[in-house]
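Text of the file my_file_26.cif, holding mmCIF, C-alpha atoms:
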data_entry
#
loop_
_atom_site.label_atom_id
_atom_site.label_comp_id
_atom_site.auth_asym_id
_atom_site.auth_seq_id
_atom_site.Cartn_x
_atom_site.Cartn_y
_atom_site.Cartn_z
CA MET A 3 0.00 0.00 0.00
CA ALA A 4 1.27 3.47 -0.84
CA ILE A 5 0.06 5.16 2.36
CA ILE A 6 2.28 4.55 5.37
CA VAL A 7 0.99 5.24 8.89
CA ASN A 8 3.66 6.53 11.27
CA ILE A 9 1.62 6.66 14.47
CA ASP A 10 4.34 4.72 16.32
CA VAL A 11 6.90 7.44 15.61
CA ILE A 12 4.72 10.22 17.04
CA MET A 13 3.61 8.05 19.97
CA ALA A 14 7.26 7.42 20.86
CA LYS A 15 8.05 11.15 20.65
CA ARG A 16 5.10 11.89 22.96
CA LYS A 17 5.95 8.93 25.25
CA MET A 18 2.39 7.63 24.89
CA SER A 19 1.41 3.97 25.04
CA ALA A 20 -0.99 2.33 22.61
CA GLY A 21 -3.42 1.70 25.46
CA GLU A 22 -3.40 5.35 26.47
CA LEU A 23 -3.87 6.54 22.88
CA SER A 24 -6.70 4.12 22.16
CA GLU A 25 -8.46 5.24 25.34
CA ARG A 26 -8.02 8.94 24.51
CA ILE A 27 -9.33 8.62 20.95
CA GLY A 28 -12.12 6.18 21.72
CA ILE A 29 -11.17 3.17 19.61
CA THR A 30 -10.29 -0.34 20.65
CA PRO A 31 -6.64 -1.32 21.07
CA ALA A 32 -7.22 -3.87 18.29
CA ASN A 33 -8.35 -1.16 15.85
CA LEU A 34 -5.40 1.04 16.82
CA SER A 35 -3.11 -1.92 16.15
CA ILE A 36 -4.61 -2.30 12.66
CA LEU A 37 -3.83 1.36 11.98
CA LYS A 38 -0.32 1.17 13.44
CA ASN A 39 0.57 -1.91 11.42
CA ASN A 40 -0.58 -0.46 8.08
CA LYS A 41 -3.37 -3.02 7.79
CA ALA A 42 -6.23 -0.49 7.61
CA LYS A 43 -7.98 0.08 4.30
CA ALA A 44 -9.41 3.44 5.41
CA ILE A 45 -9.59 5.86 8.32
CA ARG A 46 -12.44 8.16 9.24
CA PHE A 47 -11.63 11.85 9.34
CA SER A 48 -13.15 11.97 12.83
CA THR A 49 -10.70 9.28 14.00
CA LEU A 50 -7.81 11.06 12.30
CA GLU A 51 -8.86 14.28 14.03
CA GLU A 52 -8.93 12.58 17.45
CA ILE A 53 -5.48 11.06 16.83
CA CYS A 54 -4.09 14.47 15.89
CA LYS A 55 -5.64 16.05 19.00
CA ALA A 56 -4.29 13.34 21.29
CA LEU A 57 -0.80 13.40 19.78
CA ASP A 58 -0.73 17.17 19.16
CA CYS A 59 0.27 16.69 15.53
CA GLN A 60 -0.84 17.26 11.96
CA PRO A 61 -2.23 14.53 9.67
CA GLY A 62 0.94 14.80 7.58
CA ASP A 63 3.00 13.88 10.65
CA ILE A 64 1.41 10.43 10.79
CA LEU A 65 0.44 9.74 7.17
CA GLU A 66 3.04 9.40 4.44
CA TYR A 67 2.73 8.63 0.74
CA ALA A 68 5.32 6.29 -0.73
CA LYS A 69 5.11 5.47 -4.41
CA ASP A 70 4.60 1.75 -5.05
CA LYS A 71 7.60 0.02 -6.57
CA ASP A 72 6.76 -1.32 -10.01
#
Show me this structure written as structure tokens.
Amino acid sequence: MAIIVNIDVIMAKRKMSAGELSERIGITPANLSILKNNKAKAIRFSTLEEICKALDCQPGDILEYAKDKD
């Protein structure tokens, strides 16, 4: 997939655990794990907004586009 999710990087910078983040944004730890491991097919803007609020970051800090290798 061409979109890479870098939530782990920002979480580490903020010294926040996955459990704490999932609780703050209101999703299950399992769903957060799907996001963190680049297994998600989509993300709601409302969830993205809550992640950005909790981590005090911009969407571009956690989402990255990488061109697929042909």
As a check of understanding: the span from atom CA of Ile64 of chain A to atom CA of Val7 of chain A is 5.5 Å
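Atom CA of Leu34 of chain A sits 8.9 Å away from atom CA of Gly21 of chain A.
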*Evaluate the PyMOL selection byres ((chain A and resi 23-25) around 12) and record the selected residues as a ChimeraX atom specification, following the chain and residue labels used in the document.*
/A:9-10,12-14,16-22,26-38,49,52-58
note - atom CA of Glu51 of chain A and atom CA of Val11 of chain A are separated by 17.3 Å
Taking the file as shown, find all residues satisfying the PyMOL selection byres ((chain A and resi 6) around 6) and write them as a ChimeraX atom specification.
/A:5,7,65-66
Could those selected residues go to a file with C-alpha atoms, as a short mmCIF file (atom, residue, chain, number, x, y, z; two decimals), in the frame of the given file?
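Result went into part-v6.cif, see below:
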data_model
loop_
_atom_site.label_atom_id
_atom_site.label_comp_id
_atom_site.auth_asym_id
_atom_site.auth_seq_id
_atom_site.Cartn_x
_atom_site.Cartn_y
_atom_site.Cartn_z
CA ILE A 5 0.06 5.16 2.36
CA VAL A 7 0.99 5.24 8.89
CA LEU A 65 0.44 9.74 7.17
CA GLU A 66 3.04 9.40 4.44
#
Box for segment 49-62 of chain A: with edges along x, y and z, all listed atoms inside and 8 Å added on each side, what are the centre and edge lengths in Å to one decimal, as lines of an AutoDock Vina configuration file?
center_x = -4.9
center_y = 13.3
center_z = 14.4
size_x = 27.6
size_y = 24.0
size_z = 29.7
Could segment 58-69 of chain A be completed with all heavy atoms and written as an mmCIF file, in the frame of the given file, please?
data_model
loop_
_atom_site.group_PDB
_atom_site.id
_atom_site.type_symbol
_atom_site.label_atom_id
_atom_site.label_comp_id
_atom_site.auth_asym_id
_atom_site.auth_seq_id
_atom_site.Cartn_x
_atom_site.Cartn_y
_atom_site.Cartn_z
ATOM 1 N N ASP A 58 -1.134 15.793 19.449
ATOM 2 C CA ASP A 58 -0.730 17.170 19.160
ATOM 3 C C ASP A 58 0.136 17.220 17.899
ATOM 4 O O ASP A 58 1.296 17.632 17.917
ATOM 5 C CB ASP A 58 0.027 17.780 20.355
ATOM 6 C CG ASP A 58 0.247 19.278 20.183
ATOM 7 O OD1 ASP A 58 -0.546 19.936 19.481
ATOM 8 O OD2 ASP A 58 1.244 19.784 20.742
ATOM 9 N N CYS A 59 -0.457 16.739 16.793
ATOM 10 C CA CYS A 59 0.270 16.690 15.530
ATOM 11 C C CYS A 59 -0.654 17.000 14.371
ATOM 12 O O CYS A 59 -1.849 17.183 14.553
ATOM 13 C CB CYS A 59 0.905 15.309 15.344
ATOM 14 S SG CYS A 59 -0.284 13.963 15.130
ATOM 15 N N GLN A 60 -0.101 17.047 13.196
ATOM 16 C CA GLN A 60 -0.840 17.260 11.960
ATOM 17 C C GLN A 60 -1.024 15.921 11.255
ATOM 18 O O GLN A 60 -0.207 15.006 11.442
ATOM 19 C CB GLN A 60 -0.081 18.227 11.040
ATOM 20 C CG GLN A 60 0.042 19.633 11.584
ATOM 21 C CD GLN A 60 -1.303 20.311 11.670
ATOM 22 O OE1 GLN A 60 -2.094 20.286 10.730
ATOM 23 N NE2 GLN A 60 -1.576 20.915 12.809
ATOM 24 N N PRO A 61 -2.050 15.782 10.410
ATOM 25 C CA PRO A 61 -2.230 14.530 9.670
ATOM 26 C C PRO A 61 -0.975 14.116 8.891
ATOM 27 O O PRO A 61 -0.628 12.940 8.841
ATOM 28 C CB PRO A 61 -3.394 14.823 8.725
ATOM 29 C CG PRO A 61 -4.183 15.866 9.435
ATOM 30 C CD PRO A 61 -3.158 16.721 10.142
ATOM 31 N N GLY A 62 -0.273 15.092 8.336
ATOM 32 C CA GLY A 62 0.940 14.800 7.580
ATOM 33 C C GLY A 62 2.080 14.262 8.436
ATOM 34 O O GLY A 62 3.039 13.685 7.915
ATOM 35 N N ASP A 63 1.978 14.434 9.757
ATOM 36 C CA ASP A 63 3.000 13.880 10.650
ATOM 37 C C ASP A 63 2.855 12.372 10.795
ATOM 38 O O ASP A 63 3.833 11.682 11.098
ATOM 39 C CB ASP A 63 2.902 14.523 12.042
ATOM 40 C CG ASP A 63 3.202 16.003 12.027
ATOM 41 O OD1 ASP A 63 3.961 16.463 11.148
ATOM 42 O OD2 ASP A 63 2.668 16.713 12.908
ATOM 43 N N ILE A 64 1.631 11.873 10.593
ATOM 44 C CA ILE A 64 1.410 10.430 10.790
ATOM 45 C C ILE A 64 1.101 9.671 9.514
ATOM 46 O O ILE A 64 1.186 8.449 9.493
ATOM 47 C CB ILE A 64 0.324 10.160 11.850
ATOM 48 C CG1 ILE A 64 -0.989 10.829 11.488
ATOM 49 C CG2 ILE A 64 0.774 10.587 13.223
ATOM 50 C CD1 ILE A 64 -2.130 10.483 12.409
ATOM 51 N N LEU A 65 0.738 10.391 8.451
ATOM 52 C CA LEU A 65 0.440 9.740 7.170
ATOM 53 C C LEU A 65 1.483 10.144 6.143
ATOM 54 O O LEU A 65 1.788 11.320 5.989
ATOM 55 C CB LEU A 65 -0.951 10.119 6.673
ATOM 56 C CG LEU A 65 -2.119 9.732 7.559
ATOM 57 C CD1 LEU A 65 -3.419 10.273 6.987
ATOM 58 C CD2 LEU A 65 -2.201 8.232 7.755
ATOM 59 N N GLU A 66 1.994 9.162 5.422
ATOM 60 C CA GLU A 66 3.040 9.400 4.440
ATOM 61 C C GLU A 66 2.700 8.655 3.158
ATOM 62 O O GLU A 66 2.217 7.525 3.203
ATOM 63 C CB GLU A 66 4.363 8.893 5.014
ATOM 64 C CG GLU A 66 5.539 8.960 4.097
ATOM 65 C CD GLU A 66 6.770 8.321 4.732
ATOM 66 O OE1 GLU A 66 6.802 8.081 5.962
ATOM 67 O OE2 GLU A 66 7.707 8.040 3.978
ATOM 68 N N TYR A 67 2.938 9.287 2.032
ATOM 69 C CA TYR A 67 2.730 8.630 0.740
ATOM 70 C C TYR A 67 4.076 8.142 0.219
ATOM 71 O O TYR A 67 5.043 8.887 0.175
ATOM 72 C CB TYR A 67 2.110 9.593 -0.272
ATOM 73 C CG TYR A 67 2.052 9.009 -1.673
ATOM 74 C CD1 TYR A 67 1.104 8.058 -1.999
ATOM 75 C CD2 TYR A 67 2.959 9.399 -2.645
ATOM 76 C CE1 TYR A 67 1.057 7.499 -3.253
ATOM 77 C CE2 TYR A 67 2.914 8.846 -3.915
ATOM 78 C CZ TYR A 67 1.960 7.902 -4.217
ATOM 79 O OH TYR A 67 1.918 7.350 -5.461
ATOM 80 N N ALA A 68 4.125 6.872 -0.136
ATOM 81 C CA ALA A 68 5.320 6.290 -0.730
ATOM 82 C C ALA A 68 4.901 5.607 -2.023
ATOM 83 O O ALA A 68 4.049 4.721 -2.007
ATOM 84 C CB ALA A 68 5.974 5.299 0.211
ATOM 85 N N LYS A 69 5.467 6.031 -3.111
ATOM 86 C CA LYS A 69 5.110 5.470 -4.410
ATOM 87 C C LYS A 69 5.404 3.966 -4.422
ATOM 88 O O LYS A 69 6.459 3.525 -3.980
ATOM 89 C CB LYS A 69 5.904 6.175 -5.512
ATOM 90 C CG LYS A 69 5.464 5.817 -6.884
ATOM 91 C CD LYS A 69 6.182 6.681 -7.923
ATOM 92 C CE LYS A 69 5.661 6.322 -9.309
ATOM 93 N NZ LYS A 69 6.300 7.162 -10.323
#
